[in-house]
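K.L.:
Sharing structure_31.cif, mmCIF, C-alpha atoms:
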```cif
data_final
#
loop_
_atom_site.group_PDB
_atom_site.id
_atom_site.type_symbol
_atom_site.label_atom_id
_atom_site.label_comp_id
_atom_site.auth_asym_id
_atom_site.auth_seq_id
_atom_site.Cartn_x
_atom_site.Cartn_y
_atom_site.Cartn_z
ATOM 1 C CA MET A 9 0.407 24.733 6.040
ATOM 2 C CA THR A 10 2.223 24.148 9.317
ATOM 3 C CA ARG A 11 2.231 20.396 8.794
ATOM 4 C CA TYR A 12 3.550 20.697 5.228
ATOM 5 C CA ALA A 13 6.234 23.121 6.387
ATOM 6 C CA LEU A 14 7.242 20.651 9.095
ATOM 7 C CA ARG A 15 7.518 17.820 6.562
ATOM 8 C CA VAL A 16 9.640 19.900 4.200
ATOM 9 C CA THR A 17 11.845 20.962 7.095
ATOM 10 C CA ALA A 18 12.374 17.346 8.186
ATOM 11 C CA LEU A 19 13.305 16.306 4.637
ATOM 12 C CA ALA A 20 15.673 19.257 4.246
ATOM 13 C CA ALA A 21 17.298 18.446 7.594
ATOM 14 C CA ALA A 22 17.869 14.827 6.549
ATOM 15 C CA LEU A 23 19.450 15.922 3.256
ATOM 16 C CA GLY A 24 21.591 18.477 5.062
ATOM 17 C CA LEU A 25 22.829 15.867 7.524
ATOM 18 C CA TRP A 26 23.620 13.518 4.623
ATOM 19 C CA GLN A 27 25.588 16.244 2.851
ATOM 20 C CA LEU A 28 27.497 17.133 6.017
ATOM 21 C CA LEU A 29 28.476 13.569 6.932
ATOM 22 C CA THR A 30 29.562 12.634 3.402
ATOM 23 C CA SER A 31 31.418 15.842 2.626
ATOM 24 C CA LEU A 32 33.419 15.579 5.867
ATOM 25 C CA ASP A 33 34.143 11.845 5.294
ATOM 26 C CA VAL A 34 32.864 10.928 8.741
ATOM 27 C CA ASP A 35 33.772 7.355 9.752
ATOM 28 C CA LEU A 36 32.302 6.620 13.165
ATOM 29 C CA TRP A 37 31.539 2.899 12.797
ATOM 30 C CA LEU A 38 29.300 3.849 9.849
ATOM 31 C CA ARG A 39 31.501 4.649 6.842
ATOM 32 C CA PHE A 40 29.959 7.754 5.358
ATOM 33 C CA SER A 41 33.173 8.362 3.419
ATOM 34 C CA GLN A 42 32.030 5.632 1.002
ATOM 35 C CA PHE A 43 28.762 7.454 0.289
ATOM 36 C CA PRO A 44 28.321 9.998 -2.509
ATOM 37 C CA THR A 45 27.306 13.471 -1.455
ATOM 38 C CA VAL A 46 23.910 14.972 -2.126
ATOM 39 C CA THR A 47 25.393 17.248 -4.766
ATOM 40 C CA ASP A 48 26.975 14.271 -6.586
ATOM 41 C CA VAL A 49 23.626 12.472 -6.653
ATOM 42 C CA ALA A 50 21.867 15.643 -7.829
ATOM 43 C CA HIS A 51 24.333 16.132 -10.707
ATOM 44 C CA THR A 52 23.979 12.491 -11.775
ATOM 45 C CA PHE A 53 20.203 12.783 -11.523
ATOM 46 C CA ALA A 54 20.218 15.836 -13.791
ATOM 47 C CA ASP A 55 22.371 14.011 -16.330
ATOM 48 C CA ARG A 56 20.047 10.993 -16.295
ATOM 49 C CA LEU A 57 16.970 13.174 -16.799
ATOM 50 C CA ALA A 58 18.541 14.603 -19.933
ATOM 51 C CA GLY A 59 19.080 11.144 -21.442
ATOM 52 C CA ALA A 60 16.635 8.733 -23.068
ATOM 53 C CA ASP A 61 17.654 5.607 -21.124
ATOM 54 C CA TYR A 62 16.257 6.939 -17.851
ATOM 55 C CA TRP A 63 12.799 7.488 -19.317
ATOM 56 C CA THR A 64 12.875 4.099 -21.043
ATOM 57 C CA ASP A 65 13.663 2.390 -17.745
ATOM 58 C CA LEU A 66 10.946 4.405 -16.024
ATOM 59 C CA THR A 67 8.356 3.455 -18.637
ATOM 60 C CA ASP A 68 9.259 -0.232 -18.509
ATOM 61 C CA SER A 69 9.055 -0.420 -14.710
ATOM 62 C CA LEU A 70 5.742 1.447 -14.593
ATOM 63 C CA THR A 71 4.283 -0.778 -17.315
ATOM 64 C CA ARG A 72 5.264 -3.904 -15.422
ATOM 65 C CA ILE A 73 3.989 -2.672 -12.072
ATOM 66 C CA VAL A 74 0.667 -1.411 -13.429
ATOM 67 C CA THR A 75 0.006 -4.572 -15.447
ATOM 68 C CA GLY A 76 0.816 -6.956 -12.615
ATOM 69 C CA PHE A 77 -0.953 -4.883 -9.980
ATOM 70 C CA VAL A 78 -4.185 -4.471 -11.954
ATOM 71 C CA LEU A 79 -4.326 -8.204 -12.674
ATOM 72 C CA ALA A 80 -3.646 -8.958 -9.020
ATOM 73 C CA ALA A 81 -6.334 -6.511 -7.859
ATOM 74 C CA VAL A 82 -8.997 -8.049 -10.094
ATOM 75 C CA ALA A 83 -8.063 -11.655 -9.341
ATOM 76 C CA GLY A 84 -7.477 -11.050 -5.630
ATOM 77 C CA VAL A 85 -10.820 -9.333 -5.053
ATOM 78 C CA ALA A 86 -12.761 -11.882 -7.105
ATOM 79 C CA LEU A 87 -11.137 -14.899 -5.507
ATOM 80 C CA GLY A 88 -11.275 -13.380 -2.020
ATOM 81 C CA VAL A 89 -15.019 -12.812 -2.300
ATOM 82 C CA LEU A 90 -15.496 -16.318 -3.716
ATOM 83 C CA VAL A 91 -13.543 -18.022 -0.936
ATOM 84 C CA ALA A 92 -15.292 -15.962 1.748
ATOM 85 C CA ARG A 93 -18.783 -16.603 0.387
ATOM 86 C CA SER A 94 -18.521 -20.217 -0.798
ATOM 87 C CA THR A 95 -17.684 -23.153 1.423
ATOM 88 C CA LEU A 96 -16.953 -25.312 -1.613
ATOM 89 C CA ALA A 97 -14.467 -22.787 -3.007
ATOM 90 C CA GLU A 98 -12.788 -22.500 0.372
ATOM 91 C CA ASP A 99 -12.394 -26.276 0.622
ATOM 92 C CA LEU A 100 -11.047 -26.586 -2.928
ATOM 93 C CA LEU A 101 -8.811 -23.515 -3.130
ATOM 94 C CA GLY A 102 -8.060 -22.681 0.496
ATOM 95 C CA PRO A 103 -5.376 -25.333 1.170
ATOM 96 C CA LEU A 104 -3.531 -24.568 -2.091
ATOM 97 C CA LEU A 105 -3.579 -20.823 -1.467
ATOM 98 C CA GLU A 106 -2.372 -21.188 2.113
ATOM 99 C CA VAL A 107 0.528 -23.387 1.003
ATOM 100 C CA VAL A 108 1.646 -21.007 -1.754
ATOM 101 C CA ARG A 109 1.054 -17.765 0.173
ATOM 102 C CA PRO A 110 4.087 -17.967 2.529
ATOM 103 C CA ILE A 111 6.490 -18.388 -0.422
ATOM 104 C CA PRO A 112 8.153 -15.020 -1.178
ATOM 105 C CA ALA A 113 7.311 -13.779 -4.640
ATOM 106 C CA ILE A 114 10.966 -13.139 -5.429
ATOM 107 C CA ALA A 115 11.662 -16.829 -4.734
ATOM 108 C CA LEU A 116 9.447 -17.637 -7.729
ATOM 109 C CA VAL A 117 11.903 -16.082 -10.185
ATOM 110 C CA PRO A 118 13.289 -19.515 -11.254
ATOM 111 C CA VAL A 119 9.710 -20.712 -11.758
ATOM 112 C CA ALA A 120 8.926 -17.656 -13.881
ATOM 113 C CA ILE A 121 12.056 -18.184 -15.980
ATOM 114 C CA LEU A 122 11.096 -21.815 -16.644
ATOM 115 C CA LEU A 123 7.380 -21.163 -17.083
ATOM 116 C CA PHE A 124 7.197 -18.086 -19.324
ATOM 117 C CA PRO A 125 8.844 -17.697 -22.735
ATOM 118 C CA SER A 126 10.081 -14.131 -22.094
ATOM 119 C CA ASN A 127 11.589 -12.259 -19.169
ATOM 120 C CA GLU A 128 8.954 -9.544 -19.503
ATOM 121 C CA GLN A 129 6.115 -11.958 -18.811
ATOM 122 C CA GLY A 130 8.066 -13.480 -15.930
ATOM 123 C CA ILE A 131 8.572 -10.102 -14.253
ATOM 124 C CA VAL A 132 4.865 -9.295 -14.611
ATOM 125 C CA PHE A 133 4.093 -12.673 -13.046
ATOM 126 C CA ILE A 134 6.353 -11.890 -10.061
ATOM 127 C CA THR A 135 4.641 -8.513 -9.654
ATOM 128 C CA PHE A 136 1.225 -10.145 -9.877
ATOM 129 C CA THR A 137 2.107 -12.757 -7.240
ATOM 130 C CA ALA A 138 3.473 -10.135 -4.862
ATOM 131 C CA ALA A 139 0.250 -8.088 -4.880
ATOM 132 C CA PHE A 140 -2.215 -10.959 -5.231
ATOM 133 C CA PHE A 141 -2.016 -12.484 -1.770
ATOM 134 C CA PRO A 142 -2.319 -9.244 0.274
ATOM 135 C CA VAL A 143 -5.412 -8.327 -1.743
ATOM 136 C CA LEU A 144 -6.843 -11.831 -1.443
ATOM 137 C CA VAL A 145 -6.382 -12.073 2.330
ATOM 138 C CA SER A 146 -7.678 -8.569 3.067
ATOM 139 C CA THR A 147 -10.739 -9.110 0.849
ATOM 140 C CA ARG A 148 -11.511 -12.445 2.459
ATOM 141 C CA HIS A 149 -11.324 -11.035 5.978
ATOM 142 C CA ALA A 150 -13.319 -7.932 5.046
ATOM 143 C CA VAL A 151 -16.149 -9.971 3.513
ATOM 144 C CA ARG A 152 -16.308 -12.360 6.445
ATOM 145 C CA ALA A 153 -16.446 -9.445 8.890
ATOM 146 C CA LEU A 154 -19.647 -8.031 7.363
ATOM 147 C CA THR A 155 -22.703 -8.198 9.570
ATOM 148 C CA PRO A 156 -25.335 -10.627 8.199
ATOM 149 C CA VAL A 157 -28.144 -8.197 9.037
ATOM 150 C CA TRP A 158 -27.462 -6.173 5.877
ATOM 151 C CA GLU A 159 -27.652 -9.212 3.633
ATOM 152 C CA GLU A 160 -30.829 -10.400 5.336
ATOM 153 C CA ALA A 161 -32.401 -6.983 4.799
ATOM 154 C CA VAL A 162 -31.702 -7.101 1.051
ATOM 155 C CA LEU A 163 -33.036 -10.651 0.791
ATOM 156 C CA THR A 164 -36.148 -9.682 2.727
ATOM 157 C CA MET A 165 -36.877 -6.891 0.255
ATOM 158 C CA GLY A 166 -36.665 -9.312 -2.670
ATOM 159 C CA GLY A 167 -33.048 -8.874 -3.730
ATOM 160 C CA GLY A 168 -31.074 -11.778 -5.156
ATOM 161 C CA ARG A 169 -27.469 -12.868 -4.734
ATOM 162 C CA TRP A 170 -26.127 -10.434 -7.313
ATOM 163 C CA ARG A 171 -27.995 -7.628 -5.595
ATOM 164 C CA VAL A 172 -26.456 -8.640 -2.277
ATOM 165 C CA LEU A 173 -23.021 -8.741 -3.896
ATOM 166 C CA GLY A 174 -23.350 -5.296 -5.469
ATOM 167 C CA SER A 175 -25.191 -3.542 -2.642
ATOM 168 C CA VAL A 176 -23.771 -5.146 0.502
ATOM 169 C CA VAL A 177 -20.666 -7.277 0.015
ATOM 170 C CA LEU A 178 -18.494 -5.112 -2.227
ATOM 171 C CA PRO A 179 -19.373 -1.702 -0.709
ATOM 172 C CA GLY A 180 -19.038 -3.039 2.824
ATOM 173 C CA ALA A 181 -15.682 -4.683 2.104
ATOM 174 C CA LEU A 182 -14.167 -1.698 0.252
ATOM 175 C CA PRO A 183 -12.174 -0.338 3.231
ATOM 176 C CA GLY A 184 -10.556 -3.713 3.783
ATOM 177 C CA ILE A 185 -9.974 -4.234 0.062
ATOM 178 C CA PHE A 186 -8.142 -0.929 -0.282
ATOM 179 C CA GLY A 187 -6.085 -1.765 2.771
ATOM 180 C CA GLY A 188 -4.859 -4.847 0.932
ATOM 181 C CA LEU A 189 -4.293 -2.838 -2.247
ATOM 182 C CA SER A 190 -2.124 -0.343 -0.367
ATOM 183 C CA VAL A 191 0.003 -3.155 1.017
ATOM 184 C CA GLY A 192 0.069 -4.923 -2.341
ATOM 185 C CA ILE A 193 1.388 -1.953 -4.316
ATOM 186 C CA GLY A 194 4.306 -1.558 -1.915
ATOM 187 C CA VAL A 195 5.224 -5.242 -2.027
ATOM 188 C CA SER A 196 4.899 -5.172 -5.814
ATOM 189 C CA TRP A 197 7.546 -2.474 -6.102
ATOM 190 C CA ILE A 198 9.931 -4.465 -3.918
ATOM 191 C CA CYS A 199 9.510 -7.579 -6.028
ATOM 192 C CA VAL A 200 9.524 -5.938 -9.457
ATOM 193 C CA ILE A 201 12.787 -4.134 -8.678
ATOM 194 C CA SER A 202 14.321 -7.372 -7.400
ATOM 195 C CA ALA A 203 13.123 -9.274 -10.470
ATOM 196 C CA GLU A 204 14.575 -6.611 -12.764
ATOM 197 C CA MET A 205 17.898 -6.892 -10.976
ATOM 198 C CA ILE A 206 17.929 -10.678 -11.467
ATOM 199 C CA SER A 207 16.494 -11.238 -14.927
ATOM 200 C CA GLY A 208 15.497 -7.880 -16.409
ATOM 201 C CA GLN A 209 16.957 -6.147 -19.436
ATOM 202 C CA TYR A 210 15.513 -2.693 -18.830
ATOM 203 C CA GLY A 211 13.894 -0.977 -15.879
ATOM 204 C CA VAL A 212 14.878 1.008 -12.804
ATOM 205 C CA GLY A 213 15.995 -2.101 -10.927
ATOM 206 C CA TYR A 214 18.124 -3.308 -13.829
ATOM 207 C CA ARG A 215 19.786 0.100 -14.213
ATOM 208 C CA THR A 216 20.444 0.380 -10.472
ATOM 209 C CA TRP A 217 22.155 -3.012 -10.415
ATOM 210 C CA GLN A 218 24.223 -2.111 -13.482
ATOM 211 C CA ASP A 219 25.397 1.065 -11.763
ATOM 212 C CA TYR A 220 26.442 -0.981 -8.750
ATOM 213 C CA THR A 221 28.440 -3.438 -10.853
ATOM 214 C CA VAL A 222 30.411 -0.591 -12.472
ATOM 215 C CA VAL A 223 30.883 1.154 -9.078
ATOM 216 C CA ASP A 224 28.753 4.160 -10.034
ATOM 217 C CA TYR A 225 27.419 4.886 -6.562
ATOM 218 C CA PRO A 226 25.725 8.206 -7.417
ATOM 219 C CA GLY A 227 23.793 6.295 -10.109
ATOM 220 C CA VAL A 228 22.811 3.707 -7.498
ATOM 221 C CA PHE A 229 21.357 6.442 -5.319
ATOM 222 C CA VAL A 230 19.553 7.935 -8.326
ATOM 223 C CA GLY A 231 17.860 4.576 -8.796
ATOM 224 C CA MET A 232 16.979 4.373 -5.109
ATOM 225 C CA VAL A 233 15.459 7.853 -5.142
ATOM 226 C CA THR A 234 13.508 7.018 -8.299
ATOM 227 C CA ILE A 235 12.140 3.834 -6.753
ATOM 228 C CA GLY A 236 11.119 5.702 -3.613
ATOM 229 C CA VAL A 237 9.339 8.464 -5.518
ATOM 230 C CA LEU A 238 7.525 6.017 -7.794
ATOM 231 C CA GLY A 239 6.436 3.909 -4.841
ATOM 232 C CA TRP A 240 5.174 6.981 -2.997
ATOM 233 C CA LEU A 241 3.232 8.243 -6.024
ATOM 234 C CA THR A 242 1.546 4.908 -6.737
ATOM 235 C CA SER A 243 0.682 4.318 -3.075
ATOM 236 C CA THR A 244 -0.774 7.817 -2.848
ATOM 237 C CA ALA A 245 -2.839 7.197 -5.988
ATOM 238 C CA VAL A 246 -4.273 3.989 -4.516
ATOM 239 C CA GLU A 247 -5.043 5.750 -1.226
ATOM 240 C CA LEU A 248 -6.764 8.684 -2.944
ATOM 241 C CA LEU A 249 -8.839 6.303 -5.065
ATOM 242 C CA GLY A 250 -9.852 4.428 -1.931
ATOM 243 C CA ARG A 251 -10.894 7.634 -0.192
ATOM 244 C CA ARG A 252 -12.968 8.670 -3.183
ATOM 245 C CA LEU A 253 -14.757 5.338 -3.469
ATOM 246 C CA THR A 254 -15.417 5.213 0.289
ATOM 247 C CA ARG A 255 -16.335 8.876 0.764
ATOM 248 C CA TRP A 256 -19.715 7.759 2.145
ATOM 249 C CA LEU A 257 -17.957 6.432 5.248
ATOM 250 C CA PRO A 258 -17.859 8.687 8.333
ATOM 251 C CA ARG A 259 -14.539 10.489 8.748
ATOM 252 C CA THR A 260 -12.992 11.431 12.078
ATOM 253 C CA SER A 261 -11.499 14.908 12.040
ATOM 254 C CA GLN A 262 -8.110 15.132 13.721
ATOM 255 C CA VAL A 263 -7.209 18.588 14.968
ATOM 256 C CA THR A 264 -3.954 18.970 16.859
ATOM 257 C CA GLY A 265 -4.407 20.418 20.325
ATOM 258 C CA ALA A 266 -8.183 20.596 20.070
ATOM 259 C CA ARG A 267 -10.192 19.832 23.180
ATOM 260 C CA PRO A 268 -13.888 19.281 23.455
ATOM 261 C CA THR A 269 -15.605 22.400 24.753
ATOM 262 C CA PRO A 270 -18.076 21.730 27.553
ATOM 263 C CA SER A 271 -21.636 22.638 26.710
ATOM 264 C CA ARG A 272 -23.083 25.513 28.684
ATOM 265 C CA PRO A 273 -26.388 25.040 30.468
ATOM 266 C CA PRO A 274 -29.248 27.038 28.987
ATOM 267 C CA ALA A 275 -30.213 30.301 30.635
ATOM 268 C CA GLY A 276 -33.163 30.358 32.980
ATOM 269 C CA PRO A 277 -34.258 28.137 35.810
ATOM 270 C CA SER A 278 -32.729 24.691 35.808
ATOM 271 C CA PRO A 279 -35.146 21.847 35.070
ATOM 272 C CA ALA A 280 -36.231 19.587 37.861
ATOM 273 C CA PRO A 281 -34.049 16.502 38.246
ATOM 274 C CA GLN A 282 -35.509 13.364 36.721
ATOM 275 C CA PRO A 283 -35.736 10.299 38.936
ATOM 276 C CA SER A 284 -33.134 7.663 38.261
ATOM 277 C CA GLY A 285 -33.920 4.106 37.245
ATOM 278 C CA THR A 286 -33.334 2.862 40.827
ATOM 279 C CA GLU A 287 -35.720 5.414 42.316
ATOM 280 C CA GLU A 288 -38.404 4.555 39.752
ATOM 281 C CA ALA A 289 -38.103 0.861 40.561
ATOM 282 C CA ARG A 290 -38.342 1.621 44.273
ATOM 283 C CA ASP A 291 -41.455 3.781 43.760
ATOM 284 C CA GLU A 292 -43.107 1.020 41.717
ATOM 285 C CA HIS A 293 -42.301 -1.459 44.471
ATOM 286 C CA LEU A 294 -43.913 0.786 47.082
ATOM 287 C CA VAL A 295 -46.999 1.188 44.939
#
```
Here is a file; write its structure as structure tokens.

P.N.:
Amino acid sequence: MTRYALRVTALAAALGLWQLLTSLDVDLWLRFSQFPTVTDVAHTFADRLAGADYWTDLTDSLTRIVTGFVLAAVAGVALGVLVARSTLAEDLLGPLLEVVRPIPAIALVPVAILLFPSNEQGIVFITFTAAFFPVLVSTRHAVRALTPVWEEAVLTMGGGRWRVLGSVVLPGALPGIFGGLSVGIGVSWICVISAEMISGQYGVGYRTWQDYTVVDYPGVFVGMVTIGVLGWLTSTAVELLGRRLTRWLPRTSQVTGARPTPSRPPAGPSPAPQPSGTEEARDEHLV
């Protein structure tokens, strides 16, 4: 409860500072006089919640992000395992993937416009590309980091390749896979909002850019807050799913201010000291 109270206090302090600087029109190098106040953003937010366009934009953005992210998760995990486990696949696909991977997903917007017949499919493609490479790289590294002893144990007991894949490779690589998924969902939100601003017709990014073009700055901040909340909710959902699927892993408890308590010696006479390894070697030498 103390930690949650501290987080709420920090958020309230940030909002209070924002309200103070904007209401007083403070201009000390940073021009807070150009910013809307917290109350202006709150009133605009309430008006948007009462309208249908806000929920339409929200539904469109969530549909795009979920579709692209799920496709990227499936393809990234499958291809990452394949590249990590097969030398032939690594030789055939590795160079192409490494050449395409440094290209920002948002830079592929012209390619998506030329390649796909509709803007909707192009935005999903941008979202897919943004999440695909973090998942692919994390899966590949996680699979390669597995100790070969586990696989040898399964093979020794008569298991085949599919048994190794289901019992060793995928469970052992799950922590690394979900690390890539957490990164991928964040990058996906960045790219889907950017793609909506460039070529979208509906969505949170499209509406935020429209508010900027008509100089509706409270509406711009409503879009920013919406993007932040949606990104936080989806990232939290991925993290909770990862914790549930990897609950068999040992967890380290973190307690603030806790110190290990020294163990007390048992009551009664103390046991006789055992000879050290050096003394035992010396005794054997004398014998």

K.L.:
Report as a PyMOL selection string all protein, DNA and RNA residues lying within 12 Å of region 246-249 of chain A, evaluated on all atoms listed in the file, omitting residues in the same chain fewer than 6 positions from it.

P.N.:
chain A and resi 74+77-78+81+182-183+185-194+239-240+255

K.L.:
Would you kindly translate the PyMOL selection byres ((chain A and resi 44) around 9) into the concrete residues it picks from this file, as a ChimeraX atom specification?

P.N.:
/A:27,30-31,40-43,45-49,225-226,229

K.L.:
Of the candidates A:Val200, A:Leu28, A:Leu173, A:Ala58, which one gets nearest to Thr137 (chain A) if we count only C-alpha atoms?

P.N.:
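Using only C-alpha atoms, the shortest distance to Thr137 (chain A) belongs to A:Val200.
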
K.L.:
Expanded to explicit residues, what is the PyMOL selection byres ((chain A and resi 101-106) around 12) for this file, as a PyMOL selection string?

P.N.:
chain A and resi 84+87-88+90-92+94-100+107-111+137+140-142+144-145+148

K.L.:
The PyMOL selection byres ((chain A and resi 63-71) around 9) on the file shown: which residues, as a PyMOL selection string?

P.N.:
chain A and resi 56-57+59-62+72-76+132+197+200-201+204+210-215+234+238

K.L.:
Between CA of Cys199 (chain A) and CA of Phe53 (chain A), what distance in Å does the model show, to one decimal?

P.N.:
23.6 Å

K.L.:
Looking at A:Ala203, A:Val230, A:Val172, A:Val222, which one is nearest to Val117 (chain A), with distances taken over all atoms listed in the file?

P.N.:
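Distance minimum relative to Val117 (chain A) lands on A:Ala203.
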
K.L.:
So how many Å separate CA of Phe136 (chain A) and CA of Ile206 (chain A), to one decimal?

P.N.:
16.8 Å

K.L.:
What is the distance, in Å and to one decimal place, between CA of Leu241 (chain A) and CA of Leu253 (chain A)?

P.N.:
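Rounded to one decimal, the two atoms are 18.4 Å apart.
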